[in-house]
Every structure is written in structure tokens, then in C-alpha cells.
$ cat work_36.txt   # compact mmCIF, C-alpha atoms and all ligand atoms
# COMPACT_ATOMS: atom_id res chain seq x y z
CA MET A 1 16.17 9.94 6.35
CA GLN A 2 17.01 12.65 8.86
CA PHE A 3 16.11 11.79 12.45
CA SER A 4 13.32 13.96 13.91
CA SER A 5 13.89 15.59 17.27
CA LEU A 6 11.70 14.98 20.30
CA ASP A 7 10.41 18.55 20.04
CA GLN A 8 9.36 17.96 16.42
CA LEU A 9 7.46 14.84 17.47
CA LYS A 10 5.79 16.62 20.38
CA GLU A 11 4.56 19.35 18.04
CA ARG A 12 2.50 16.72 16.22
CA LEU A 13 1.00 15.14 19.34
CA ARG A 14 -2.06 16.13 21.35
CA LEU A 15 -0.15 16.16 24.59
CA ASP A 16 -3.29 16.95 26.57
CA ARG A 17 -4.63 13.49 25.60
CA LEU A 18 -1.69 11.70 27.22
CA PRO A 19 -1.08 9.36 28.94
CA HIS A 20 -2.21 7.01 26.21
CA LEU A 21 -4.29 3.94 26.98
CA TRP A 22 -1.86 1.38 25.51
CA CYS A 23 -0.26 -1.21 27.79
CA PRO A 24 3.40 -0.56 28.66
CA GLY A 25 5.53 -2.27 26.00
CA CYS A 26 2.79 -2.34 23.35
CA GLY A 27 4.13 -1.97 19.81
CA ASN A 28 1.59 0.71 18.89
CA GLY A 29 3.77 3.51 20.22
CA ILE A 30 6.69 2.49 18.01
CA ILE A 31 4.50 2.60 14.92
CA THR A 32 3.04 5.95 15.94
CA GLN A 33 6.52 7.40 16.29
CA ALA A 34 7.59 5.97 12.92
CA PHE A 35 4.51 7.46 11.28
CA LEU A 36 5.24 10.89 12.74
CA ARG A 37 8.86 10.69 11.61
CA ALA A 38 7.64 9.89 8.09
CA VAL A 39 5.23 12.86 8.10
CA ILE A 40 7.93 15.21 9.38
CA SER A 41 10.45 13.98 6.81
CA LEU A 42 7.98 14.60 3.99
CA ASP A 43 7.31 18.10 5.34
CA ILE A 44 3.59 17.70 4.66
CA ASP A 45 1.40 20.72 5.33
CA PRO A 46 -0.64 19.54 8.37
CA ASP A 47 -3.75 21.07 6.79
CA ARG A 48 -3.37 18.72 3.85
CA LEU A 49 -3.22 15.51 5.85
CA VAL A 50 -6.27 13.55 7.05
CA ILE A 51 -5.87 10.46 9.20
CA VAL A 52 -8.69 7.94 9.60
CA SER A 53 -8.88 5.00 11.97
CA GLY A 54 -11.41 2.34 12.86
CA ILE A 55 -11.90 0.56 16.17
CA GLY A 56 -9.44 -1.30 18.36
CA CYS A 57 -6.31 -0.61 20.39
CA SER A 58 -4.29 0.67 17.44
CA SER A 59 -7.12 2.80 16.10
CA ARG A 60 -7.02 4.90 19.28
CA VAL A 61 -3.87 6.41 17.77
CA VAL A 62 -5.83 9.21 16.13
CA GLU A 63 -6.67 10.63 19.56
CA TYR A 64 -3.00 11.42 20.08
CA LEU A 65 -2.11 12.86 16.67
CA ASP A 66 -2.55 16.60 16.23
CA PHE A 67 -3.92 16.58 12.68
CA ASP A 68 -7.40 16.41 11.19
CA THR A 69 -8.41 12.94 12.29
CA VAL A 70 -11.52 10.77 12.13
CA HIS A 71 -12.16 7.87 14.51
CA THR A 72 -14.87 6.01 12.69
CA ALA A 73 -16.79 2.73 12.96
CA HIS A 74 -15.17 -0.70 13.02
CA GLY A 75 -13.93 -1.72 9.58
CA ARG A 76 -15.06 1.50 7.93
CA ALA A 77 -11.87 3.56 7.89
CA ILE A 78 -11.11 2.85 4.23
CA PRO A 79 -14.56 3.83 2.85
CA LEU A 80 -14.42 7.01 4.91
CA ALA A 81 -10.97 7.82 3.57
CA THR A 82 -12.24 7.02 0.07
CA GLY A 83 -15.00 9.61 0.44
CA ILE A 84 -12.55 12.21 1.73
CA LYS A 85 -10.14 11.55 -1.12
CA LEU A 86 -12.84 11.71 -3.78
CA ALA A 87 -14.25 14.96 -2.41
CA ARG A 88 -10.84 16.60 -1.86
CA PRO A 89 -8.22 14.84 -4.02
CA SER A 90 -5.49 17.27 -2.99
CA LEU A 91 -5.58 15.91 0.57
CA LYS A 92 -3.27 13.10 1.65
CA ALA A 93 -5.42 10.38 3.22
CA VAL A 94 -3.91 7.85 5.60
CA VAL A 95 -5.67 4.98 7.37
CA LEU A 96 -4.17 3.64 10.61
CA ALA A 97 -5.90 0.47 11.76
CA GLY A 98 -5.46 -3.03 13.11
CA ASP A 99 -5.42 -6.45 11.48
CA GLY A 100 -8.97 -7.31 12.54
CA ASP A 101 -10.31 -3.98 11.35
CA ILE A 102 -8.65 -4.13 7.94
CA ALA A 103 -8.76 -7.85 7.11
CA ALA A 104 -12.02 -8.99 8.76
CA ILE A 105 -14.95 -6.56 8.95
CA GLY A 106 -13.15 -4.13 6.65
CA GLY A 107 -11.82 -6.80 4.30
CA ASN A 108 -14.16 -5.99 1.44
CA HIS A 109 -13.29 -2.30 1.64
CA PHE A 110 -9.61 -3.18 1.61
CA ILE A 111 -9.70 -5.27 -1.57
CA HIS A 112 -11.90 -2.83 -3.46
CA ALA A 113 -9.76 0.18 -2.54
CA ALA A 114 -6.76 -1.82 -3.79
CA ARG A 115 -8.60 -2.74 -6.97
CA ARG A 116 -9.37 0.94 -7.63
CA ASN A 117 -5.82 1.99 -6.80
CA ILE A 118 -7.11 5.00 -4.92
CA ASP A 119 -4.39 7.17 -3.42
CA ILE A 120 -4.76 6.13 0.22
CA THR A 121 -1.98 4.85 2.47
CA VAL A 122 -3.03 2.08 4.84
CA ILE A 123 -0.77 1.26 7.76
CA ILE A 124 -1.82 -2.04 9.32
CA PHE A 125 -0.88 -2.54 12.97
CA ASN A 126 -0.74 -6.33 12.79
CA ASN A 127 -0.67 -7.74 16.31
CA PHE A 128 -2.32 -11.00 15.18
CA ASN A 129 -5.38 -10.62 17.39
CA TYR A 130 -8.19 -8.41 18.68
CA GLY A 131 -6.23 -7.02 21.61
CA MET A 132 -8.82 -4.55 22.86
CA THR A 133 -11.55 -7.14 23.37
CA GLY A 134 -9.43 -9.79 25.04
CA GLY A 135 -7.40 -11.53 22.34
CA GLN A 136 -9.76 -13.23 19.89
CA TYR A 137 -8.16 -14.50 16.68
CA SER A 138 -8.19 -12.34 13.55
CA PRO A 139 -7.80 -13.26 9.86
CA LEU A 140 -4.05 -12.67 10.28
CA THR A 141 -3.52 -14.93 13.32
CA PRO A 142 -0.98 -17.59 12.32
CA GLN A 143 -2.21 -21.18 12.15
CA ASN A 144 -1.67 -23.23 15.34
CA GLU A 145 -1.07 -20.12 17.47
CA LYS A 146 -3.39 -19.65 20.44
CA ALA A 147 -6.00 -16.98 21.00
CA ALA A 148 -8.88 -16.38 23.39
CA THR A 149 -11.15 -18.04 20.82
CA ALA A 150 -8.60 -20.69 19.84
CA MET A 151 -7.38 -22.06 23.15
CA LYS A 152 -5.99 -25.27 21.62
CA GLY A 153 -4.44 -23.54 18.59
CA HIS A 154 -5.92 -21.72 15.63
CA VAL A 155 -7.10 -24.17 12.97
CA GLU A 156 -7.61 -21.67 10.13
CA PRO A 157 -4.80 -20.55 7.82
CA PRO A 158 -4.30 -16.75 7.86
CA PHE A 159 -4.31 -14.34 4.97
CA ASP A 160 -0.91 -13.19 3.83
CA ILE A 161 -1.93 -9.54 3.64
CA HIS A 162 0.82 -8.91 1.10
CA ASP A 163 -0.60 -11.55 -1.26
CA LEU A 164 -4.14 -10.31 -0.66
CA ALA A 165 -3.19 -6.70 -1.39
CA ARG A 166 -1.20 -7.61 -4.46
CA GLY A 167 -3.89 -9.88 -5.86
CA ALA A 168 -6.48 -7.16 -5.35
CA GLY A 169 -4.39 -4.51 -7.13
CA ALA A 170 -2.43 -2.50 -4.54
CA THR A 171 0.51 -0.73 -6.13
CA TYR A 172 2.86 -0.27 -3.14
CA ILE A 173 3.23 -3.04 -0.55
CA ALA A 174 5.73 -3.05 2.29
CA ARG A 175 6.21 -4.96 5.52
CA SER A 176 8.20 -4.28 8.65
CA THR A 177 8.10 -4.97 12.37
CA THR A 178 8.39 -2.90 15.51
CA TRP A 179 11.84 -4.46 16.08
CA HIS A 180 12.96 -3.00 12.73
CA ALA A 181 11.75 0.44 13.82
CA LEU A 182 14.59 2.36 12.22
CA ASN A 183 13.57 1.27 8.71
CA LEU A 184 9.90 1.93 9.25
CA PRO A 185 9.68 5.72 8.69
CA ALA A 186 11.22 5.42 5.21
CA LEU A 187 8.81 2.63 4.24
CA ILE A 188 5.84 4.68 5.45
CA ALA A 189 7.13 7.82 3.72
CA GLY A 190 7.56 5.81 0.51
CA GLY A 191 3.94 4.70 0.71
CA MET A 192 2.71 8.24 1.35
CA GLU A 193 4.67 9.56 -1.61
CA HIS A 194 3.41 6.79 -3.88
CA GLU A 195 0.48 7.79 -6.10
CA GLY A 196 -1.96 4.94 -5.61
CA PHE A 197 -3.09 2.46 -2.97
CA SER A 198 -0.21 1.77 -0.63
CA VAL A 199 -0.12 -0.79 2.18
CA ILE A 200 2.43 -0.98 4.95
CA GLU A 201 1.99 -3.97 7.25
CA VAL A 202 3.77 -3.59 10.56
CA ILE A 203 4.09 -6.61 12.82
CA ALA A 204 3.33 -5.23 16.27
CA GLY A 205 3.65 -6.89 19.62
CA CYS A 206 0.62 -7.44 21.82
CA HIS A 207 2.29 -9.35 24.63
CA VAL A 208 -0.68 -8.77 26.94
CA ASN A 209 -3.35 -10.66 25.04
CA TYR A 210 -1.58 -12.50 22.24
CA GLY A 211 1.93 -13.04 23.52
CA LYS A 212 0.87 -14.48 26.86
CA ARG A 213 -0.85 -17.36 25.05
CA ASN A 214 2.11 -18.00 22.74
CA GLN A 215 5.21 -18.00 24.95
CA ARG A 216 5.87 -14.33 24.23
CA GLU A 217 4.39 -12.82 27.37
CA THR A 218 6.73 -9.83 27.58
CA ALA A 219 7.44 -6.96 25.21
CA VAL A 220 11.09 -8.07 25.03
CA LYS A 221 10.14 -11.61 23.96
CA MET A 222 7.84 -10.15 21.34
CA LEU A 223 10.63 -8.05 19.86
CA GLN A 224 13.06 -10.98 20.02
CA TRP A 225 10.58 -13.13 18.09
CA GLN A 226 10.23 -10.43 15.43
CA LYS A 227 14.00 -10.14 15.14
CA GLU A 228 14.32 -13.91 14.59
CA HIS A 229 11.44 -14.39 12.15
CA PHE A 230 11.63 -11.36 9.84
CA LEU A 231 14.58 -10.29 7.76
CA PRO A 232 15.32 -7.85 4.96
CA LEU A 233 14.19 -8.98 1.51
CA ASP A 234 17.72 -9.28 0.06
CA ARG A 235 18.79 -11.57 2.92
CA PHE A 236 15.56 -13.57 2.75
CA LYS A 237 15.94 -14.21 -0.98
CA VAL A 238 19.21 -16.10 -0.57
CA LEU A 239 17.87 -18.50 2.09
CA ASN A 240 17.09 -22.06 1.05
CA THR A 241 13.57 -23.48 1.41
CA ARG A 242 14.26 -24.98 4.82
CA GLU A 243 15.69 -21.72 6.15
CA LYS A 244 12.73 -19.73 4.79
CA LYS A 245 10.21 -21.83 6.73
CA GLY A 246 8.61 -19.73 9.46
CA ARG A 247 10.30 -16.56 8.27
CA LEU A 248 9.05 -13.62 6.19
CA PRO A 249 10.81 -10.82 4.30
CA ILE A 250 10.53 -7.17 5.24
CA GLY A 251 11.07 -4.00 3.24
CA LEU A 252 9.44 -2.77 0.07
CA LEU A 253 8.00 -5.99 -1.34
CA TYR A 254 6.16 -4.70 -4.39
CA SER A 255 5.68 -1.46 -6.29
CA GLU A 256 4.20 -0.59 -9.65
CA SER A 257 2.76 2.45 -11.40
CA ARG A 258 -0.89 2.31 -12.46
CA PRO A 259 -3.50 5.09 -13.05
CA GLU A 260 -4.77 6.44 -9.76
CA PHE A 261 -8.53 6.19 -9.22
CA THR A 262 -9.36 9.73 -8.05
CA ALA A 263 -7.53 11.43 -10.90
CA HIS A 264 -9.07 9.08 -13.45
CA TYR A 265 -12.55 9.47 -11.99
CA ARG A 266 -12.40 13.25 -12.10
CA ARG A 267 -10.94 13.25 -15.59
CA VAL A 268 -13.79 11.10 -16.87
CA TYR A 269 -16.54 13.10 -15.23
CA ARG A 270 -15.15 16.48 -16.20
CA MET A 271 -14.54 15.50 -19.83
CA GLY A 272 -17.70 13.44 -20.31
CA ARG A 273 -18.08 9.74 -20.92
CA GLN A 274 -17.80 10.03 -24.71
CA GLU A 275 -14.16 11.14 -24.38
CA THR A 276 -13.02 8.12 -22.41
FE1 LIG B 301 -1.29 -3.16 22.91
FE2 LIG B 301 -2.30 -5.60 23.26
FE3 LIG B 301 -2.36 -3.83 25.26
FE4 LIG B 301 -3.93 -3.52 23.10
S1 LIG B 301 -4.04 -5.17 24.61
S2 LIG B 301 -2.72 -1.90 24.10
S3 LIG B 301 -2.60 -4.27 21.45
S4 LIG B 301 -0.51 -4.72 24.34

$ encode --input "work_36.txt" --output "C-alpha cells"
Amino acid sequence: MQFSSLDQLKERLRLDRLPHLWCPGCGNGIITQAFLRAVISLDIDPDRLVIVSGIGCSSRVVEYLDFDTVHTAHGRAIPLATGIKLARPSLKAVVLAGDGDIAAIGGNHFIHAARRNIDITVIIFNNFNYGMTGGQYSPLTPQNEKAATAMKGHVEPPFDIHDLARGAGATYIARSTTWHALNLPALIAGGMEHEGFSVIEVIAGCHVNYGKRNQRETAVKMLQWQKEHFLPLDRFKVLNTREKKGRLPIGLLYSESRPEFTAHYRRVYRMGRQET
């Protein structure tokens, strides 16, 4: 993928909304940049792209992106994007939201959008906690890690969002981290090109509210931890069971082709039920 210039990135930002509200060193900026690089590489007509977000630190991203954007209620980004996509199937709909937004209050919307295989790309900023409200645990907080609401260690097992998405029917599933930033634009672009429900989980560092409780209190320690615990799928596959413990693969983890919901829906209702 060709590298985008700073000027190209600036053209897609609402510069008058800067400075952003994110803490210095937060991973959200890295994901935002990767997303913009993906959009630029795909040469998408800006009038054909709609970006929806929910509530939380990462969801503030839509304030800074110079496209048609919607900053909606907590957990409701996917249903809103579903409505947009059904009404105007030619638009490219992307949801940018956090782990709490997607996997907790928005969890039902996530699995049903995956089941339908609607052509929406969901980029999950997974910082393992609710950063904006002080660091409460989310459904993706690893077991035994600490959070504002789990001061002695989190007792619940987390969802593996990859397994959840795949079980529910998503047809493109990728994972990366903010340390592996150079690979991220291509994974996001792949999801946006895919016809169907695509999920890109990005492990993001929230050193301010999550890291400080888990011996990763600086942005550098956060990135170092990502570097040590995530590795490309081909390298992960050849590890033995002991070496795999505590590590996860990154890259394109799953992809399949299945009829896309919007196209099927419109075909059925234009042609009449008797023809299905
Ligand atoms: Fe980022 Fe955490 Fe700060 Fe929120 S609280 S902006 S997620 S570092």
C-alpha cells in the first residue's frame, strides 16, 4: 500500500476541531491515522462514505474526520449504520467504536449485524476498559487484570471478539495492534473492500486508566506489551502450546464469501416473496 502524505491526511481532518481530547500517547490517534490511510488508498469518494460512532474516548474520533459522520448513542452505532446502509446501499458504512460500546451495550447489535452479513465495517478500538469514565472493566478486559471496578483483578473471562464475530456469522475478521501500525491500513482497507460484515479489532493502549493499574502506565510500556504478546498469524501458528499461552495472532484471521444482507433484502422485496 502506498504511504499517504501528511497533506493527504490533513485534507480528511477537521483541523478546526483540533487539538483532540485524547491523552498524549493514547492509541486512538494511531488507529485514526491508519483508517485515513486506508480510505485514501481505496480512493473512496468522500460523499459515499458514512462513519458512525457511539460513546467513549474512541468514539470521539468522528469529530475529527471530515466526512459525513454520526456520533450517536452508546452502543447504537451498528443499528444506525444498518439503517443508513438499508436506505442507501451504495454508501460505504463504517463504525468506529470502543470495546465497551461494541461488546457490552451494543453486543446484541454486533451479533445480529454479523448474522445478517450486512456490508458494514466495524473497527473496534479495544483498550480493554471504559477509559472515558475512569477505567471500569469491559467484556474484553482480560481475566485477572485490574480495572477501576476490579481492583483485585477481574474475575470474569473476556469474550474473544474474533470467536464471537465468527460464531455470529461475520465474513471478514482481522486483528492488529497499535504497535503493528504499518500493517493496519491494509487490514482496514481489506475489510472496507469486503462485501459483507467485516470486523477489525485493534488493540489500543489506554495507559492512563488501564495501563496504570496493570504495570503498563506509559504509552511506551503499552506498545512494548503489544509487541511481545501479538504476532503475525504465520509466526503464531508454528508456536507450541506453551509458547502460545498469553499470545494472540494478528492479521486477517478469517474471510469467507456469503450473500450480503442489503442486496438480498432489496432483491427479495423488489421481486416479491413468491420469487424467493
Ligand atoms: Fe486514550 Fe485512555 Fe486517555 Fe481515553 S483515557 S483518551 S482511551 S489514554

$ closest_atom_pairs --input "work_36.txt" --of "chain A" --to "ligand LIG 301 (chain B)" --cutoff "6 Å" --atoms "only C-alpha atoms and all ligand atoms" --output "JSON lines"
{"residue": "A:Trp22", "atom": "CA", "partner": "B:LIG301", "partner_atom": "S2", "distance": 3.7}
{"residue": "A:Cys23", "atom": "CA", "partner": "B:LIG301", "partner_atom": "FE3", "distance": 4.2}
{"residue": "A:Cys26", "atom": "CA", "partner": "B:LIG301", "partner_atom": "FE1", "distance": 4.2}
{"residue": "A:Cys57", "atom": "CA", "partner": "B:LIG301", "partner_atom": "FE4", "distance": 4.6}
{"residue": "A:Gly131", "atom": "CA", "partner": "B:LIG301", "partner_atom": "S1", "distance": 4.1}
{"residue": "A:Met132", "atom": "CA", "partner": "B:LIG301", "partner_atom": "FE4", "distance": 5.0}
{"residue": "A:Cys206", "atom": "CA", "partner": "B:LIG301", "partner_atom": "FE2", "distance": 3.7}
{"residue": "A:His207", "atom": "CA", "partner": "B:LIG301", "partner_atom": "S4", "distance": 5.4}
{"residue": "A:Val208", "atom": "CA", "partner": "B:LIG301", "partner_atom": "S4", "distance": 4.8}
{"residue": "A:Asn209", "atom": "CA", "partner": "B:LIG301", "partner_atom": "FE2", "distance": 5.5}

$ residues_around --input "work_36.txt" --residues "Ser59 of chain A" --least-positions-apart "2" --cutoff "8 Å" --atoms "only C-alpha atoms" --output "list in words"
Ser53, Gly54, Ile55, Gly56, Cys57, Val61, Val62, His71, Leu96, Ala97 and Gly98 of chain A

$ residues_around --input "work_36.txt" --residues "Gly83 of chain A" --least-positions-apart "5" --cutoff "12 Å" --atoms "all atoms listed in the file" --output "ChimeraX atom specification"
/A:50,52,76-78,88-89,91,93,113,118-120,262

$ residues_around --input "work_36.txt" --residues "Leu253 of chain A" --least-positions-apart "6" --cutoff "10 Å" --atoms "all atoms listed in the file" --output "list of chain:residue names"
A:His162, A:Arg166, A:Tyr172, A:Ile173, A:Ala174, A:Arg175, A:Ile200, A:Pro232, A:Leu233

$ atom_distance --input "work_36.txt" --atom1 "atom CA of Phe3 of chain A" --atom2 "atom CA of His194 of chain A"
21.3 Å

$ residues_around --input "work_36.txt" --residues "Arg235 of chain A" --least-positions-apart "2" --cutoff "12 Å" --atoms "all atoms listed in the file" --output "number ranges by chain"
A: 230-233, 237-240, 243-244, 247-251

$ atom_distance --input "work_36.txt" --atom1 "atom CA of Ala168 of chain A" --atom2 "atom CA of Thr141 of chain A"
20.4 Å

$ closest_residue --input "work_36.txt" --among "A:Asp99, A:Trp179, A:Ile188, A:Ile40" --to "Ser5 of chain A" --atoms "only C-alpha atoms"
A:Ile40

$ atom_distance --input "work_36.txt" --atom1 "atom CA of Ala87 of chain A" --atom2 "atom CA of Ser198 of chain A"
19.3 Å

$ axis_aligned_box --input "work_36.txt" --around "segment 245-258 of chain A" --padding-each-side "3 Å" --output "AutoDock Vina command-line options"
--center_x 5.1 --center_y -9.7 --center_z -1.5 --size_x 18.0 --size_y 30.3 --size_z 27.9

$ residues_around --input "work_36.txt" --residues "Pro79 of chain A" --least-positions-apart "6" --cutoff "9 Å" --atoms "all atoms listed in the file" --output "list in words"
Gly106, His109, Phe110 and Ala113 of chain A

$ closest_residue --input "work_36.txt" --among "A:Asp7, A:Asp160, A:Glu145, A:Glu256" --to "Gln215 of chain A" --atoms "all atoms listed in the file"
A:Glu145

$ closest_residue --input "work_36.txt" --among "A:Gly25, A:Thr171, A:Gly196, A:Leu184" --to "Ser255 of chain A" --atoms "all atoms listed in the file"
A:Thr171

$ closest_residue --input "work_36.txt" --among "A:Val94, A:Leu86, A:Val155, A:Ala104" --to "Arg48 of chain A" --atoms "only C-alpha atoms"
A:Val94

$ closest_residue --input "work_36.txt" --among "A:Met1, A:Pro142, A:Arg12, A:Gly134" --to "Ala38 of chain A" --atoms "only C-alpha atoms"
A:Met1

$ decode --input "work_36.txt" --residues "segment 30-42 of chain A" --atoms "all heavy atoms" --output "PDB file, in the first residue's frame"
ATOM      1  N   ILE A  30      -3.310   6.605  16.509  1.00  0.00           N
ATOM      2  CA  ILE A  30      -2.674   5.677  15.558  1.00  0.00           C
ATOM      3  C   ILE A  30      -3.741   4.986  14.706  1.00  0.00           C
ATOM      4  O   ILE A  30      -3.597   4.837  13.488  1.00  0.00           O
ATOM      5  CB  ILE A  30      -1.821   4.635  16.326  1.00  0.00           C
ATOM      6  CG1 ILE A  30      -0.644   5.329  17.018  1.00  0.00           C
ATOM      7  CG2 ILE A  30      -1.321   3.542  15.392  1.00  0.00           C
ATOM      8  CD1 ILE A  30       0.179   4.429  17.918  1.00  0.00           C
ATOM      9  N   ILE A  31      -4.837   4.599  15.348  1.00  0.00           N
ATOM     10  CA  ILE A  31      -5.910   3.932  14.598  1.00  0.00           C
ATOM     11  C   ILE A  31      -6.582   4.916  13.637  1.00  0.00           C
ATOM     12  O   ILE A  31      -6.910   4.567  12.499  1.00  0.00           O
ATOM     13  CB  ILE A  31      -6.942   3.314  15.566  1.00  0.00           C
ATOM     14  CG1 ILE A  31      -6.240   2.397  16.565  1.00  0.00           C
ATOM     15  CG2 ILE A  31      -8.007   2.538  14.794  1.00  0.00           C
ATOM     16  CD1 ILE A  31      -7.145   1.847  17.664  1.00  0.00           C
ATOM     17  N   THR A  32      -6.754   6.131  14.091  1.00  0.00           N
ATOM     18  CA  THR A  32      -7.369   7.157  13.226  1.00  0.00           C
ATOM     19  C   THR A  32      -6.519   7.356  11.971  1.00  0.00           C
ATOM     20  O   THR A  32      -7.040   7.420  10.850  1.00  0.00           O
ATOM     21  CB  THR A  32      -7.490   8.488  13.998  1.00  0.00           C
ATOM     22  OG1 THR A  32      -8.221   8.249  15.190  1.00  0.00           O
ATOM     23  CG2 THR A  32      -8.189   9.547  13.164  1.00  0.00           C
ATOM     24  N   GLN A  33      -5.210   7.438  12.178  1.00  0.00           N
ATOM     25  CA  GLN A  33      -4.326   7.634  11.030  1.00  0.00           C
ATOM     26  C   GLN A  33      -4.395   6.426  10.086  1.00  0.00           C
ATOM     27  O   GLN A  33      -4.461   6.583   8.869  1.00  0.00           O
ATOM     28  CB  GLN A  33      -2.893   7.850  11.505  1.00  0.00           C
ATOM     29  CG  GLN A  33      -1.958   8.173  10.368  1.00  0.00           C
ATOM     30  CD  GLN A  33      -0.502   8.227  10.794  1.00  0.00           C
ATOM     31  OE1 GLN A  33       0.344   7.756  10.068  1.00  0.00           O
ATOM     32  NE2 GLN A  33      -0.192   8.810  11.923  1.00  0.00           N
ATOM     33  N   ALA A  34      -4.408   5.230  10.658  1.00  0.00           N
ATOM     34  CA  ALA A  34      -4.470   4.021   9.824  1.00  0.00           C
ATOM     35  C   ALA A  34      -5.777   3.982   9.037  1.00  0.00           C
ATOM     36  O   ALA A  34      -5.799   3.597   7.852  1.00  0.00           O
ATOM     37  CB  ALA A  34      -4.352   2.779  10.703  1.00  0.00           C
ATOM     38  N   PHE A  35      -6.854   4.386   9.678  1.00  0.00           N
ATOM     39  CA  PHE A  35      -8.144   4.411   8.981  1.00  0.00           C
ATOM     40  C   PHE A  35      -8.096   5.390   7.804  1.00  0.00           C
ATOM     41  O   PHE A  35      -8.528   5.073   6.690  1.00  0.00           O
ATOM     42  CB  PHE A  35      -9.258   4.800   9.959  1.00  0.00           C
ATOM     43  CG  PHE A  35     -10.571   5.063   9.302  1.00  0.00           C
ATOM     44  CD1 PHE A  35     -11.274   4.022   8.683  1.00  0.00           C
ATOM     45  CD2 PHE A  35     -11.112   6.339   9.253  1.00  0.00           C
ATOM     46  CE1 PHE A  35     -12.489   4.257   8.046  1.00  0.00           C
ATOM     47  CE2 PHE A  35     -12.318   6.580   8.620  1.00  0.00           C
ATOM     48  CZ  PHE A  35     -13.004   5.534   8.013  1.00  0.00           C
ATOM     49  N   LEU A  36      -7.547   6.572   8.040  1.00  0.00           N
ATOM     50  CA  LEU A  36      -7.464   7.556   6.955  1.00  0.00           C
ATOM     51  C   LEU A  36      -6.578   7.053   5.814  1.00  0.00           C
ATOM     52  O   LEU A  36      -6.893   7.250   4.635  1.00  0.00           O
ATOM     53  CB  LEU A  36      -6.923   8.887   7.485  1.00  0.00           C
ATOM     54  CG  LEU A  36      -7.917   9.712   8.297  1.00  0.00           C
ATOM     55  CD1 LEU A  36      -7.266  10.995   8.787  1.00  0.00           C
ATOM     56  CD2 LEU A  36      -9.159  10.045   7.466  1.00  0.00           C
ATOM     57  N   ARG A  37      -5.497   6.391   6.164  1.00  0.00           N
ATOM     58  CA  ARG A  37      -4.618   5.848   5.111  1.00  0.00           C
ATOM     59  C   ARG A  37      -5.383   4.805   4.280  1.00  0.00           C
ATOM     60  O   ARG A  37      -5.207   4.728   3.060  1.00  0.00           O
ATOM     61  CB  ARG A  37      -3.370   5.221   5.729  1.00  0.00           C
ATOM     62  CG  ARG A  37      -2.425   6.227   6.332  1.00  0.00           C
ATOM     63  CD  ARG A  37      -1.079   5.612   6.671  1.00  0.00           C
ATOM     64  NE  ARG A  37      -0.256   6.496   7.466  1.00  0.00           N
ATOM     65  CZ  ARG A  37       0.379   7.578   7.003  1.00  0.00           C
ATOM     66  NH1 ARG A  37       0.274   7.908   5.740  1.00  0.00           N
ATOM     67  NH2 ARG A  37       1.107   8.323   7.805  1.00  0.00           N
ATOM     68  N   ALA A  38      -6.209   4.008   4.956  1.00  0.00           N
ATOM     69  CA  ALA A  38      -6.999   3.009   4.231  1.00  0.00           C
ATOM     70  C   ALA A  38      -7.976   3.693   3.280  1.00  0.00           C
ATOM     71  O   ALA A  38      -8.107   3.307   2.107  1.00  0.00           O
ATOM     72  CB  ALA A  38      -7.754   2.121   5.219  1.00  0.00           C
ATOM     73  N   VAL A  39      -8.656   4.714   3.773  1.00  0.00           N
ATOM     74  CA  VAL A  39      -9.647   5.435   2.944  1.00  0.00           C
ATOM     75  C   VAL A  39      -8.963   6.063   1.732  1.00  0.00           C
ATOM     76  O   VAL A  39      -9.458   5.977   0.600  1.00  0.00           O
ATOM     77  CB  VAL A  39     -10.362   6.512   3.797  1.00  0.00           C
ATOM     78  CG1 VAL A  39     -11.199   7.432   2.923  1.00  0.00           C
ATOM     79  CG2 VAL A  39     -11.227   5.847   4.858  1.00  0.00           C
ATOM     80  N   ILE A  40      -7.808   6.686   1.978  1.00  0.00           N
ATOM     81  CA  ILE A  40      -7.085   7.344   0.875  1.00  0.00           C
ATOM     82  C   ILE A  40      -6.627   6.301  -0.141  1.00  0.00           C
ATOM     83  O   ILE A  40      -6.742   6.494  -1.357  1.00  0.00           O
ATOM     84  CB  ILE A  40      -5.896   8.158   1.433  1.00  0.00           C
ATOM     85  CG1 ILE A  40      -6.420   9.348   2.247  1.00  0.00           C
ATOM     86  CG2 ILE A  40      -4.992   8.648   0.299  1.00  0.00           C
ATOM     87  CD1 ILE A  40      -5.377  10.027   3.121  1.00  0.00           C
ATOM     88  N   SER A  41      -6.140   5.168   0.350  1.00  0.00           N
ATOM     89  CA  SER A  41      -5.638   4.140  -0.585  1.00  0.00           C
ATOM     90  C   SER A  41      -6.759   3.567  -1.438  1.00  0.00           C
ATOM     91  O   SER A  41      -6.544   3.170  -2.580  1.00  0.00           O
ATOM     92  CB  SER A  41      -4.943   3.013   0.175  1.00  0.00           C
ATOM     93  OG  SER A  41      -5.895   2.172   0.797  1.00  0.00           O
ATOM     94  N   LEU A  42      -7.965   3.525  -0.889  1.00  0.00           N
ATOM     95  CA  LEU A  42      -9.097   2.987  -1.660  1.00  0.00           C
ATOM     96  C   LEU A  42      -9.693   4.034  -2.596  1.00  0.00           C
ATOM     97  O   LEU A  42     -10.560   3.709  -3.418  1.00  0.00           O
ATOM     98  CB  LEU A  42     -10.187   2.486  -0.697  1.00  0.00           C
ATOM     99  CG  LEU A  42      -9.808   1.259   0.154  1.00  0.00           C
ATOM    100  CD1 LEU A  42     -10.907   0.965   1.175  1.00  0.00           C
ATOM    101  CD2 LEU A  42      -9.568   0.035  -0.726  1.00  0.00           C
TER     102      LEU A  42
END
